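Next up, entry.csv (CSV, C-alpha atoms and all ligand atoms):
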chain,number,residue,atom,x,y,z
A,30,MET,CA,96.9,97.6,-137.6
A,31,PHE,CA,97.8,101.3,-137.3
A,32,GLU,CA,94.4,102.7,-138.2
A,33,GLY,CA,93.8,105.9,-136.3
A,34,LYS,CA,96.6,105.0,-133.9
A,35,THR,CA,99.3,107.3,-132.4
A,36,ILE,CA,102.8,105.9,-133.1
A,37,LEU,CA,105.7,107.4,-131.3
A,38,THR,CA,109.5,106.8,-131.8
A,39,GLY,CA,112.3,108.5,-130.0
A,40,VAL,CA,115.9,108.3,-131.1
A,41,LYS,CA,119.0,109.2,-129.1
A,42,PRO,CA,121.5,111.5,-130.9
A,43,THR,CA,124.5,109.4,-130.1
A,44,GLY,CA,126.9,107.6,-132.5
A,45,THR,CA,127.0,108.0,-136.2
A,46,PRO,CA,124.4,105.7,-137.8
A,47,HIS,CA,125.7,103.0,-140.0
A,48,LEU,CA,124.1,100.9,-142.8
A,49,GLY,CA,122.9,98.3,-140.2
A,50,ASN,CA,121.1,101.1,-138.2
A,51,TYR,CA,119.6,102.4,-141.5
A,52,LEU,CA,118.3,99.1,-142.7
A,53,GLY,CA,117.4,97.7,-139.3
A,54,ALA,CA,115.9,100.8,-137.6
A,55,ILE,CA,115.8,104.1,-139.5
A,56,LYS,CA,114.2,103.0,-142.8
A,57,PRO,CA,111.6,100.7,-141.1
A,58,ALA,CA,110.7,103.4,-138.6
A,59,VAL,CA,110.1,105.9,-141.3
A,60,ALA,CA,108.1,103.4,-143.3
A,61,LEU,CA,106.0,102.5,-140.3
A,62,GLY,CA,105.3,106.1,-139.5
A,63,ASN,CA,104.3,106.9,-143.1
A,64,ASN,CA,102.2,103.8,-143.1
A,65,ALA,CA,100.4,104.9,-140.0
A,66,LEU,CA,99.8,108.3,-141.5
A,67,GLU,CA,98.2,106.8,-144.5
A,68,GLN,CA,95.9,104.9,-142.3
A,69,GLY,CA,94.7,108.0,-140.6
A,70,GLY,CA,97.0,107.7,-137.6
A,71,LYS,CA,99.5,110.1,-136.0
A,72,HIS,CA,103.2,109.8,-136.0
A,73,TYR,CA,105.6,111.4,-133.5
A,74,MET,CA,109.3,111.2,-134.1
A,75,PHE,CA,111.6,113.0,-131.8
A,76,ILE,CA,115.2,113.3,-130.9
A,77,ALA,CA,115.8,112.2,-127.3
A,78,ASP,CA,118.5,114.8,-126.5
A,79,TYR,CA,117.7,114.8,-122.7
A,80,HIS,CA,118.4,111.1,-122.7
A,81,ALA,CA,121.7,111.7,-124.5
A,82,ILE,CA,123.1,114.1,-121.9
A,83,ASN,CA,123.5,111.2,-119.4
A,84,ALA,CA,126.4,110.0,-121.5
A,85,GLU,CA,127.4,112.9,-123.7
A,86,LYS,CA,128.6,116.1,-121.9
A,87,ASN,CA,130.2,117.9,-124.7
A,88,PRO,CA,127.7,120.5,-126.1
A,89,GLU,CA,129.3,120.7,-129.5
A,90,VAL,CA,129.2,116.9,-129.9
A,91,LEU,CA,125.5,116.8,-128.7
A,92,ASN,CA,124.6,119.5,-131.2
A,93,ALA,CA,126.4,117.9,-134.1
A,94,LYS,CA,124.8,114.5,-133.4
A,95,THR,CA,121.4,116.0,-133.1
A,96,LYS,CA,121.9,117.8,-136.4
A,97,GLU,CA,123.1,114.6,-138.0
A,98,ILE,CA,120.2,112.5,-136.8
A,99,ALA,CA,117.6,115.1,-137.8
A,100,CYS,CA,119.1,115.2,-141.3
A,101,ILE,CA,119.2,111.4,-141.6
A,102,TYR,CA,115.6,111.0,-140.8
A,103,LEU,CA,114.5,113.7,-143.2
A,104,ALA,CA,116.7,112.3,-145.9
A,105,SER,CA,115.2,108.8,-145.3
A,106,GLY,CA,111.7,110.0,-146.1
A,107,LEU,CA,110.2,111.4,-142.9
A,108,ASN,CA,107.7,114.1,-143.8
A,109,PRO,CA,107.9,116.9,-141.3
A,110,GLU,CA,104.6,118.4,-142.5
A,111,LYS,CA,102.7,115.2,-141.6
A,112,SER,CA,104.7,113.7,-138.8
A,113,PHE,CA,105.4,115.5,-135.5
A,114,PHE,CA,109.2,115.9,-135.8
A,115,PHE,CA,111.0,117.7,-132.9
A,116,ARG,CA,113.6,117.8,-130.1
A,117,GLN,CA,112.6,116.3,-126.8
A,118,SER,CA,114.3,119.3,-125.0
A,119,ASP,CA,111.9,121.7,-126.8
A,120,ILE,CA,109.0,120.4,-124.9
A,121,PRO,CA,109.2,121.8,-121.4
A,122,GLU,CA,106.2,119.7,-120.2
A,123,ILE,CA,108.3,116.5,-120.5
A,124,PRO,CA,110.4,117.1,-117.4
A,125,GLU,CA,107.3,118.3,-115.5
A,126,ILE,CA,105.4,115.1,-116.4
A,127,THR,CA,108.5,113.1,-115.5
A,128,THR,CA,108.4,114.6,-111.9
A,129,ILE,CA,104.9,113.5,-111.4
A,130,LEU,CA,105.6,110.0,-112.8
A,131,TYR,CA,108.5,109.6,-110.3
A,132,ALA,CA,106.0,109.5,-107.5
A,133,TYR,CA,104.5,106.4,-109.2
A,134,THR,CA,107.8,104.8,-110.3
A,135,PRO,CA,108.9,102.0,-107.9
A,136,LYS,CA,112.6,102.3,-107.3
A,137,GLY,CA,112.8,98.5,-107.9
A,138,PHE,CA,111.8,99.1,-111.6
A,139,MET,CA,114.9,101.3,-112.0
A,140,ASN,CA,117.2,98.8,-110.4
A,141,LYS,CA,116.0,96.2,-112.9
A,142,ALA,CA,116.0,98.4,-116.0
A,143,HIS,CA,118.2,97.2,-118.7
A,144,ALA,CA,120.3,100.4,-119.4
A,145,TYR,CA,121.2,100.7,-115.7
A,146,LYS,CA,121.9,97.0,-115.3
A,147,ALA,CA,124.2,97.0,-118.3
A,148,ALA,CA,126.2,99.9,-116.8
A,149,VAL,CA,126.5,98.0,-113.5
A,150,ASP,CA,127.6,94.8,-115.2
A,151,LYS,CA,130.2,96.8,-117.1
A,152,ASN,CA,131.5,98.2,-113.8
A,153,ARG,CA,131.6,94.8,-112.2
A,154,GLU,CA,133.6,93.4,-115.1
A,155,ALA,CA,136.1,96.2,-114.8
A,156,GLY,CA,136.4,95.5,-111.0
A,157,LYS,CA,134.8,98.9,-110.2
A,158,PRO,CA,132.1,99.7,-107.6
A,159,ASP,CA,128.6,99.0,-108.9
A,160,ASP,CA,127.5,102.6,-109.3
A,161,ASP,CA,130.8,104.0,-110.5
A,162,GLY,CA,130.2,106.8,-113.1
A,163,ILE,CA,126.4,106.2,-113.1
A,164,ASN,CA,124.4,109.4,-112.8
A,165,MET,CA,120.7,109.8,-111.8
A,166,GLY,CA,119.8,110.5,-115.4
A,167,LEU,CA,120.9,107.0,-116.4
A,168,TYR,CA,119.3,105.5,-113.4
A,169,THR,CA,115.9,107.1,-113.9
A,170,TYR,CA,116.1,106.9,-117.7
A,171,PRO,CA,112.9,104.8,-118.1
A,172,THR,CA,110.8,107.3,-116.2
A,173,LEU,CA,111.8,110.1,-118.6
A,174,MET,CA,111.1,107.7,-121.5
A,175,ALA,CA,107.7,107.0,-119.9
A,176,ALA,CA,106.9,110.7,-119.9
A,177,ASP,CA,107.9,110.9,-123.6
A,178,ILE,CA,105.5,108.0,-124.4
A,179,LEU,CA,102.6,109.1,-122.2
A,180,ALA,CA,102.7,112.8,-123.0
A,181,TYR,CA,101.3,112.4,-126.5
A,182,ASP,CA,98.8,109.6,-125.7
A,183,SER,CA,100.8,107.1,-127.7
A,184,ASP,CA,99.2,103.8,-128.6
A,185,ILE,CA,102.1,102.1,-130.2
A,186,VAL,CA,105.8,102.4,-129.6
A,187,PRO,CA,108.0,100.6,-132.3
A,188,VAL,CA,111.2,99.5,-130.6
A,189,GLY,CA,114.2,97.3,-130.9
A,190,LYS,CA,114.4,94.4,-128.5
A,191,ASP,CA,116.4,96.3,-125.9
A,192,GLN,CA,113.7,98.9,-125.4
A,193,VAL,CA,110.7,96.6,-124.9
A,194,GLN,CA,111.2,96.6,-121.1
A,195,HIS,CA,111.1,100.4,-121.0
A,196,VAL,CA,107.8,100.5,-122.8
A,197,GLU,CA,106.4,98.0,-120.3
A,198,ILE,CA,107.6,100.2,-117.5
A,199,ALA,CA,105.8,103.2,-119.0
A,200,ARG,CA,102.6,101.1,-119.3
A,201,ASP,CA,102.9,100.0,-115.6
A,202,ILE,CA,103.4,103.6,-114.4
A,203,ALA,CA,100.4,104.7,-116.4
A,204,GLY,CA,98.3,101.9,-115.1
A,205,ALA,CA,99.3,102.7,-111.5
A,206,ILE,CA,98.3,106.4,-111.9
A,207,ASN,CA,95.0,105.5,-113.6
A,208,ALA,CA,94.2,103.0,-110.9
A,209,HIS,CA,95.1,105.5,-108.1
A,210,TYR,CA,92.8,108.3,-109.4
A,211,ASN,CA,90.3,105.8,-110.8
A,212,LYS,CA,90.3,107.7,-114.1
A,213,GLU,CA,91.9,107.1,-117.5
A,214,LEU,CA,94.4,110.0,-117.2
A,215,LEU,CA,97.0,108.3,-119.3
A,216,LYS,CA,96.7,106.1,-122.4
A,217,LEU,CA,98.3,102.6,-121.9
A,218,PRO,CA,100.9,102.1,-124.6
A,219,THR,CA,102.0,98.9,-126.2
A,220,TYR,CA,105.3,98.2,-127.9
A,221,TYR,CA,105.7,97.0,-131.5
A,222,PHE,CA,108.6,94.8,-132.3
A,223,ASP,CA,109.1,93.8,-135.9
A,224,ASP,CA,110.5,90.3,-136.2
A,225,ASN,CA,111.0,90.6,-139.9
A,226,VAL,CA,113.8,93.1,-139.7
A,227,ALA,CA,117.0,91.1,-140.1
A,228,VAL,CA,120.2,91.8,-138.3
A,229,VAL,CA,122.8,93.1,-140.8
A,230,PRO,CA,126.2,91.5,-140.3
A,231,GLY,CA,129.3,93.7,-140.2
A,232,VAL,CA,132.5,93.3,-142.3
A,233,ASP,CA,133.9,90.8,-139.8
A,234,GLY,CA,130.7,88.6,-139.6
A,235,ARG,CA,129.5,89.7,-136.2
A,236,LYS,CA,126.4,92.0,-135.9
A,237,MET,CA,127.2,95.3,-137.5
A,238,SER,CA,127.7,97.6,-134.6
A,239,LYS,CA,129.6,100.8,-133.8
A,240,SER,CA,131.0,99.1,-130.7
A,241,TYR,CA,132.7,96.4,-132.9
A,242,GLY,CA,134.2,98.9,-135.4
A,243,ASN,CA,132.9,96.6,-138.2
A,244,VAL,CA,130.5,99.0,-139.9
A,245,ILE,CA,129.7,100.0,-143.5
A,246,PRO,CA,129.2,103.7,-143.3
A,247,LEU,CA,125.9,105.3,-144.3
A,248,PHE,CA,125.9,108.6,-146.0
A,249,GLU,CA,129.7,108.9,-146.6
A,250,ASP,CA,131.3,109.1,-150.1
A,251,ASP,CA,131.5,106.2,-152.4
A,252,LYS,CA,135.2,105.7,-151.6
A,253,SER,CA,134.6,105.2,-147.9
A,254,ILE,CA,131.8,102.8,-148.6
A,255,LYS,CA,133.9,100.9,-151.1
A,256,LYS,CA,136.8,100.7,-148.6
A,257,ALA,CA,134.5,99.1,-146.0
A,258,ILE,CA,132.9,96.7,-148.5
A,259,PHE,CA,136.3,95.5,-149.8
A,260,SER,CA,137.4,94.8,-146.3
A,261,ILE,CA,134.6,92.2,-145.8
A,262,LYS,CA,136.1,88.9,-144.7
A,263,THR,CA,136.6,86.3,-147.5
A,264,ASP,CA,138.8,83.3,-147.9
A,265,SER,CA,141.4,82.3,-150.6
A,266,ARG,CA,139.3,79.8,-152.5
A,267,PRO,CA,139.5,80.4,-156.3
A,268,MET,CA,136.6,81.7,-158.2
A,269,GLU,CA,136.0,78.5,-160.1
A,270,GLU,CA,135.4,76.5,-156.9
A,271,PRO,CA,131.6,76.1,-156.4
A,272,LYS,CA,130.6,77.7,-153.1
A,273,ASN,CA,127.6,77.6,-150.8
A,274,PRO,CA,126.4,81.2,-150.8
A,275,ASP,CA,125.0,80.9,-147.3
A,276,GLU,CA,128.6,80.5,-146.0
A,277,ILE,CA,129.7,83.7,-147.6
A,278,LEU,CA,129.6,86.9,-145.7
A,279,VAL,CA,129.2,89.2,-148.7
A,280,TYR,CA,126.1,87.3,-149.7
A,281,GLU,CA,124.8,87.5,-146.1
A,282,ILE,CA,125.1,91.2,-146.1
A,283,TYR,CA,123.6,91.4,-149.7
A,284,LYS,CA,120.5,89.6,-148.4
A,285,SER,CA,119.5,92.7,-146.4
A,286,ILE,CA,119.6,95.0,-149.4
A,287,ALA,CA,119.2,93.0,-152.7
A,288,THR,CA,116.0,92.2,-154.6
A,289,PRO,CA,115.2,88.5,-154.9
A,290,GLU,CA,116.4,88.5,-158.5
A,291,GLN,CA,119.7,90.2,-157.5
A,292,LEU,CA,120.1,87.7,-154.7
A,293,LYS,CA,119.5,84.8,-157.0
A,294,GLU,CA,122.0,86.1,-159.5
A,295,MET,CA,124.7,86.2,-156.8
A,296,GLY,CA,123.7,82.9,-155.3
A,297,ASP,CA,123.8,81.1,-158.7
A,298,GLY,CA,127.1,82.7,-159.6
A,299,LEU,CA,128.7,81.5,-156.4
A,300,ARG,CA,127.3,78.0,-156.7
A,301,GLN,CA,128.5,77.7,-160.3
A,302,GLY,CA,131.9,79.1,-159.7
A,303,LYS,CA,131.2,82.0,-162.0
A,304,LEU,CA,131.6,84.9,-159.6
A,305,GLY,CA,134.7,85.7,-157.6
A,306,TYR,CA,134.9,87.7,-154.4
A,307,GLY,CA,135.8,90.9,-156.3
A,308,HIS,CA,132.7,90.5,-158.4
A,309,ILE,CA,130.3,90.0,-155.5
A,310,LYS,CA,131.8,92.9,-153.5
A,311,ASN,CA,131.2,95.1,-156.5
A,312,MET,CA,127.7,93.9,-156.7
A,313,LEU,CA,127.1,94.7,-153.0
A,314,LEU,CA,128.7,98.1,-153.5
A,315,ASP,CA,126.4,98.9,-156.4
A,316,ALA,CA,123.4,97.8,-154.4
A,317,VAL,CA,124.4,99.9,-151.3
A,318,ILE,CA,125.0,103.0,-153.4
A,319,ALA,CA,121.7,102.5,-155.3
A,320,GLU,CA,119.9,102.2,-152.0
A,321,ILE,CA,121.4,105.3,-150.4
A,322,LYS,CA,122.1,107.6,-153.4
A,323,GLU,CA,119.0,109.7,-153.3
A,324,ALA,CA,118.9,109.9,-149.5
A,325,ARG,CA,122.5,110.8,-149.4
A,326,GLU,CA,121.9,113.8,-151.7
A,327,LYS,CA,119.1,114.9,-149.5
A,328,TYR,CA,121.2,114.4,-146.4
A,329,ASN,CA,124.0,116.5,-147.8
A,330,TYR,CA,121.5,119.2,-148.7
A,331,TYR,CA,119.9,119.3,-145.2
A,332,MET,CA,123.3,119.3,-143.5
A,333,ALA,CA,124.4,122.3,-145.6
A,334,ASN,CA,121.1,124.1,-145.0
A,335,PHE,CA,120.5,123.2,-141.4
A,336,ASN,CA,118.5,126.5,-140.8
A,337,GLU,CA,115.7,124.9,-142.8
A,338,VAL,CA,115.8,121.8,-140.6
A,339,GLU,CA,115.9,123.9,-137.4
A,340,ASP,CA,112.8,125.6,-138.6
A,341,MET,CA,111.1,122.3,-139.1
A,342,LEU,CA,112.1,121.2,-135.7
A,343,GLN,CA,110.8,124.3,-134.1
A,344,LYS,CA,107.5,124.1,-136.0
A,345,GLY,CA,107.3,120.4,-135.0
A,346,ALA,CA,107.7,121.2,-131.3
A,347,GLU,CA,105.0,123.9,-131.6
A,348,LYS,CA,102.7,121.3,-133.1
A,349,ALA,CA,103.5,118.6,-130.6
A,350,ARG,CA,103.3,120.7,-127.4
A,351,PRO,CA,99.6,121.0,-127.1
A,352,ALA,CA,99.2,117.2,-126.5
A,353,ALA,CA,101.9,117.3,-123.8
A,354,GLN,CA,100.3,120.4,-122.2
A,355,ALA,CA,96.9,118.6,-122.1
A,356,THR,CA,98.4,115.5,-120.5
A,357,LEU,CA,100.2,117.6,-117.9
A,358,LYS,CA,97.0,119.5,-117.1
A,359,ARG,CA,95.1,116.3,-116.7
A,360,LEU,CA,97.8,115.0,-114.3
A,361,LYS,CA,98.1,118.2,-112.3
A,362,ASP,CA,94.3,118.6,-112.0
A,363,ALA,CA,94.1,115.0,-110.6
A,364,VAL,CA,97.2,115.1,-108.4
A,365,PHE,CA,96.5,118.5,-106.8
A,366,SER,CA,92.8,118.4,-107.2
A,367,ARG,CA,92.8,121.8,-108.9
B,401,LIG,P1,125.1,99.8,-132.4
B,401,LIG,O1,125.0,98.3,-132.2
B,401,LIG,O2,125.8,100.2,-133.7
B,401,LIG,O3,125.5,100.6,-131.2
B,401,LIG,P2,122.5,100.7,-131.6
B,401,LIG,O4,122.5,99.7,-130.5
B,401,LIG,O5,122.7,102.1,-131.3
B,401,LIG,O6,123.6,100.3,-132.7
B,401,LIG,O7,121.1,100.4,-132.5
B,401,LIG,C1,120.3,101.5,-132.9
B,401,LIG,C2,119.2,100.8,-133.7
B,401,LIG,O8,119.7,100.2,-134.9
B,401,LIG,C3,118.4,99.7,-132.9
B,401,LIG,O9,117.1,99.8,-133.2
B,401,LIG,C4,119.0,98.4,-133.5
B,401,LIG,O10,118.1,97.4,-133.4
B,401,LIG,C5,119.3,98.8,-134.9
B,401,LIG,N1,120.5,98.1,-135.3
B,401,LIG,C6,121.8,98.2,-134.8
B,401,LIG,N2,122.6,97.4,-135.4
B,401,LIG,C7,121.9,96.7,-136.4
B,401,LIG,C8,122.3,95.7,-137.3
B,401,LIG,N3,123.5,95.3,-137.5
B,401,LIG,N4,121.3,95.2,-138.1
B,401,LIG,C9,120.0,95.7,-138.0
B,401,LIG,N5,119.6,96.6,-137.1
B,401,LIG,C10,120.6,97.1,-136.3
B,402,LIG,N1,115.6,105.0,-125.1
B,402,LIG,C1,115.5,105.0,-126.5
B,402,LIG,C2,116.8,104.5,-127.1
B,402,LIG,O1,117.8,104.4,-126.5
B,402,LIG,C3,115.2,106.4,-127.0
B,402,LIG,C4,113.9,106.9,-126.5
B,402,LIG,C5,113.7,107.9,-125.6
B,402,LIG,C6,112.6,106.5,-126.8
B,402,LIG,N2,112.4,108.1,-125.4
B,402,LIG,C7,111.7,107.3,-126.1
B,402,LIG,C8,112.2,105.5,-127.7
B,402,LIG,C9,110.3,107.1,-126.2
B,402,LIG,C10,110.8,105.3,-127.8
B,402,LIG,C11,109.9,106.1,-127.1
B,402,LIG,O2,116.7,104.1,-128.3
Do you think you could lay out the structure here as structure tokens?
Ligand code: ADP
Ligand code: TRP
Amino acid sequence: MFEGKTILTGVKPTGTPHLGNYLGAIKPAVALGNNALEQGGKHYMFIADYHAINAEKNPEVLNAKTKEIACIYLASGLNPEKSFFFRQSDIPEIPEITTILYAYTPKGFMNKAHAYKAAVDKNREAGKPDDDGINMGLYTYPTLMAADILAYDSDIVPVGKDQVQHVEIARDIAGAINAHYNKELLKLPTYYFDDNVAVVPGVDGRKMSKSYGNVIPLFEDDKSIKKAIFSIKTDSRPMEEPKNPDEILVYEIYKSIATPEQLKEMGDGLRQGKLGYGHIKNMLLDAVIAEIKEAREKYNYYMANFNEVEDMLQKGAEKARPAAQATLKRLKDAVFSR
């Protein structure tokens, strides 16, 4: 389905990714990009640092998070030679395109956009005025995202559920511009949402999320990963008591990482009262470490040699810019009749 298509993904450099992010977003995004490349498509993967400044004002933190994200994607198999891999802020055409898109962005779209609405809801819950602490960057967030998407003539934007609406806004803006100038100035993008990617539960049984503090860390040392895994909620039933694996959190987490054979082994052991909680936690630990071992080594290498990564990002921006320049030119030619 990706034959000859342009796939684009943006990732905000905020938070430190956890195992849930890796299994639910990072790994599938890299696989999808590589798959598209194999089918003769193009793959853009960029770090949305302009989007991040709405919330993060500390330059050192921003820089550290950008570094971390870049190294995580490279360690997870992104090929910077084949994919376009760069920072959003290294493409000066993006804010220029955004300015043109503003003229075609109904304010009502922004009022309804999910990131802004979530911030308003939070203020209301806290008894604060609706727009307390909300800056224009957050408010106009979807237009900048539309510029990201439209600049490189993206066909498909793989997203999590919460971003679907933003891709639809990009499509609507592009449609309005094309209709106004009666020309296909901008490619209409579609979103791609993978239903098969399961939500990984955290150590307390809720969705693994940085906001719940229930995460299994990603590229940390074995000791930290072990600590998190051994904190997974269990009960006091003895090992011999046969158990329904589907009611056991360790098994639920194992589902997102184990092979069918490994899963069967744990399931049978629990049903037959042959595996205790210590055993199954060790099995999960082994599977997590096996999954991340190689990537973690690469991650540590890239973090220690970030000059190499910086070089890749700069080269990536150079490669990506011509498409954005061409889009900006098409827009300016039409808008100003030049
Ligand atoms: P968090 O909930 O930790 O704040 P984000 O909302 O920043 O995570 O999610 C970033 C990406 O990771 C999204 O694409 C999201 O769908 C994915 N993701 C987050 N948590 C999980 C999880 N527990 N299982 C699977 N995917 C997840
Ligand atoms: N808004 C996205 C997020 O929070 C990040 C993003 C910015 C993006 N620009 C994009 C995603 C363009 C896809 C396409 O996750």
Hey, what's within 9 Å of Val279 (chain A) if we count all atoms listed in the file and toss same-chain stuff fewer than 6 positions away? As a PyMOL selection string, please? chain A and resi 232+258+261-263+306+309-310+313
How would you report the residues lying within 7 Å of ligand LIG 402 (chain B), as JSON, numbers by chain, if you count all atoms listed in the file? {"A": [37, 38, 39, 40, 41, 77, 80, 174, 175, 177, 178, 186, 188, 192]}
Written file, previous selection with C-alpha atoms, as a compact mmCIF listing (two decimals), keeping the file's coordinate frame:
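Once written, selection_38.txt looks like this:
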# COMPACT_ATOMS: atom_id res chain seq x y z
CA LEU A 37 105.70 107.40 -131.30
CA THR A 38 109.50 106.80 -131.80
CA GLY A 39 112.30 108.50 -130.00
CA VAL A 40 115.90 108.30 -131.10
CA LYS A 41 119.00 109.20 -129.10
CA ALA A 77 115.80 112.20 -127.30
CA HIS A 80 118.40 111.10 -122.70
CA MET A 174 111.10 107.70 -121.50
CA ALA A 175 107.70 107.00 -119.90
CA ASP A 177 107.90 110.90 -123.60
CA ILE A 178 105.50 108.00 -124.40
CA VAL A 186 105.80 102.40 -129.60
CA VAL A 188 111.20 99.50 -130.60
CA GLN A 192 113.70 98.90 -125.40
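Going from CA of Val59 (chain A) to CA of Val90 (chain A) covers 24.8 Å.
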Ligand LIG 401 (chain B): which residues are within 9 Å, counting all atoms listed in the file? Reply as a VMD selection string. chain A and resid 40 to 41 43 to 55 188 to 192 226 to 231 235 to 242 244 285
With C-alpha atoms retained, export the selected residues as a PDB file, in the frame of the given file.
ATOM      1  CA  VAL A  40     115.900 108.300-131.100  1.00  0.00           C
ATOM      2  CA  LYS A  41     119.000 109.200-129.100  1.00  0.00           C
ATOM      3  CA  THR A  43     124.500 109.400-130.100  1.00  0.00           C
ATOM      4  CA  GLY A  44     126.900 107.600-132.500  1.00  0.00           C
ATOM      5  CA  THR A  45     127.000 108.000-136.200  1.00  0.00           C
ATOM      6  CA  PRO A  46     124.400 105.700-137.800  1.00  0.00           C
ATOM      7  CA  HIS A  47     125.700 103.000-140.000  1.00  0.00           C
ATOM      8  CA  LEU A  48     124.100 100.900-142.800  1.00  0.00           C
ATOM      9  CA  GLY A  49     122.900  98.300-140.200  1.00  0.00           C
ATOM     10  CA  ASN A  50     121.100 101.100-138.200  1.00  0.00           C
ATOM     11  CA  TYR A  51     119.600 102.400-141.500  1.00  0.00           C
ATOM     12  CA  LEU A  52     118.300  99.100-142.700  1.00  0.00           C
ATOM     13  CA  GLY A  53     117.400  97.700-139.300  1.00  0.00           C
ATOM     14  CA  ALA A  54     115.900 100.800-137.600  1.00  0.00           C
ATOM     15  CA  ILE A  55     115.800 104.100-139.500  1.00  0.00           C
ATOM     16  CA  VAL A 188     111.200  99.500-130.600  1.00  0.00           C
ATOM     17  CA  GLY A 189     114.200  97.300-130.900  1.00  0.00           C
ATOM     18  CA  LYS A 190     114.400  94.400-128.500  1.00  0.00           C
ATOM     19  CA  ASP A 191     116.400  96.300-125.900  1.00  0.00           C
ATOM     20  CA  GLN A 192     113.700  98.900-125.400  1.00  0.00           C
ATOM     21  CA  VAL A 226     113.800  93.100-139.700  1.00  0.00           C
ATOM     22  CA  ALA A 227     117.000  91.100-140.100  1.00  0.00           C
ATOM     23  CA  VAL A 228     120.200  91.800-138.300  1.00  0.00           C
ATOM     24  CA  VAL A 229     122.800  93.100-140.800  1.00  0.00           C
ATOM     25  CA  PRO A 230     126.200  91.500-140.300  1.00  0.00           C
ATOM     26  CA  GLY A 231     129.300  93.700-140.200  1.00  0.00           C
ATOM     27  CA  ARG A 235     129.500  89.700-136.200  1.00  0.00           C
ATOM     28  CA  LYS A 236     126.400  92.000-135.900  1.00  0.00           C
ATOM     29  CA  MET A 237     127.200  95.300-137.500  1.00  0.00           C
ATOM     30  CA  SER A 238     127.700  97.600-134.600  1.00  0.00           C
ATOM     31  CA  LYS A 239     129.600 100.800-133.800  1.00  0.00           C
ATOM     32  CA  SER A 240     131.000  99.100-130.700  1.00  0.00           C
ATOM     33  CA  TYR A 241     132.700  96.400-132.900  1.00  0.00           C
ATOM     34  CA  GLY A 242     134.200  98.900-135.400  1.00  0.00           C
ATOM     35  CA  VAL A 244     130.500  99.000-139.900  1.00  0.00           C
ATOM     36  CA  SER A 285     119.500  92.700-146.400  1.00  0.00           C
TER      37      SER A 285
END
Choose the residue, out of A:Glu154, A:Pro109, A:Tyr283, A:Lys212, that has the smallest atom-to-atom separation from Asp362 (chain A); count all atoms listed in the file. A:Lys212
Sort by chain and increasing residue number a table of all residues of region 65-122 of chain A within 12 Å of region 160-166 of chain A, each with its closest pair of atoms and their distance in Å to one decimal, counting all atoms listed in the file, and write it as a tab-separated table.
residue	atom	partner	partner_atom	distance
A:Asp78	CA	A:Gly166	CA	12.0
A:Tyr79	CA	A:Gly166	CA	8.7
A:His80	CA	A:Gly166	CA	7.5
A:Ala81	CA	A:Gly166	CA	9.4
A:Ile82	CA	A:Gly166	CA	8.1
A:Asn83	CA	A:Gly166	CA	5.5
A:Ala84	CA	A:Asn164	CA	8.9
A:Glu85	CA	A:Gly166	CA	11.5
Nearby residues (all atoms listed in the file) at most 12 Å from Gln291 (chain A), same-chain spacing under 3 positions excluded, as a compact mmCIF listing (two decimals) with C-alpha atoms, in the frame of the given file:
# COMPACT_ATOMS: atom_id res chain seq x y z
CA TYR A 280 126.10 87.30 -149.70
CA TYR A 283 123.60 91.40 -149.70
CA LYS A 284 120.50 89.60 -148.40
CA SER A 285 119.50 92.70 -146.40
CA ILE A 286 119.60 95.00 -149.40
CA ALA A 287 119.20 93.00 -152.70
CA THR A 288 116.00 92.20 -154.60
CA GLU A 294 122.00 86.10 -159.50
CA MET A 295 124.70 86.20 -156.80
CA GLY A 296 123.70 82.90 -155.30
CA ASP A 297 123.80 81.10 -158.70
CA GLY A 298 127.10 82.70 -159.60
CA ILE A 309 130.30 90.00 -155.50
CA MET A 312 127.70 93.90 -156.70
CA LEU A 313 127.10 94.70 -153.00
CA ASP A 315 126.40 98.90 -156.40
CA ALA A 316 123.40 97.80 -154.40
Atom-to-atom span, CA of Leu292 (chain A) and CA of Phe222 (chain A), Å: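 Atom-to-atom, CA of Leu292 (chain A) to CA of Phe222 (chain A), that is 26.2 Å.
Picture a line from CA of Lys358 (chain A) to CA of Leu167 (chain A); it runs 27.0 Å.
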Give me the residues near Ala353 (chain A) as a tab-separated table (two decimals) with C-alpha atoms, in the frame of the given file, where near means some atom within 12 Å (using only C-alpha atoms) and where sequence neighbours in that chain fewer than 2 positions away do not count.
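Saved the output as result29.tsv:
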chain	number	residue	atom	x	y	z
A	73	TYR	CA	105.60	111.40	-133.50
A	117	GLN	CA	112.60	116.30	-126.80
A	119	ASP	CA	111.90	121.70	-126.80
A	120	ILE	CA	109.00	120.40	-124.90
A	121	PRO	CA	109.20	121.80	-121.40
A	122	GLU	CA	106.20	119.70	-120.20
A	123	ILE	CA	108.30	116.50	-120.50
A	124	PRO	CA	110.40	117.10	-117.40
A	125	GLU	CA	107.30	118.30	-115.50
A	126	ILE	CA	105.40	115.10	-116.40
A	127	THR	CA	108.50	113.10	-115.50
A	176	ALA	CA	106.90	110.70	-119.90
A	177	ASP	CA	107.90	110.90	-123.60
A	178	ILE	CA	105.50	108.00	-124.40
A	179	LEU	CA	102.60	109.10	-122.20
A	180	ALA	CA	102.70	112.80	-123.00
A	181	TYR	CA	101.30	112.40	-126.50
A	182	ASP	CA	98.80	109.60	-125.70
A	183	SER	CA	100.80	107.10	-127.70
A	215	LEU	CA	97.00	108.30	-119.30
A	346	ALA	CA	107.70	121.20	-131.30
A	347	GLU	CA	105.00	123.90	-131.60
A	348	LYS	CA	102.70	121.30	-133.10
A	349	ALA	CA	103.50	118.60	-130.60
A	350	ARG	CA	103.30	120.70	-127.40
A	351	PRO	CA	99.60	121.00	-127.10
A	355	ALA	CA	96.90	118.60	-122.10
A	356	THR	CA	98.40	115.50	-120.50
A	357	LEU	CA	100.20	117.60	-117.90
A	358	LYS	CA	97.00	119.50	-117.10
A	359	ARG	CA	95.10	116.30	-116.70
A	360	LEU	CA	97.80	115.00	-114.30
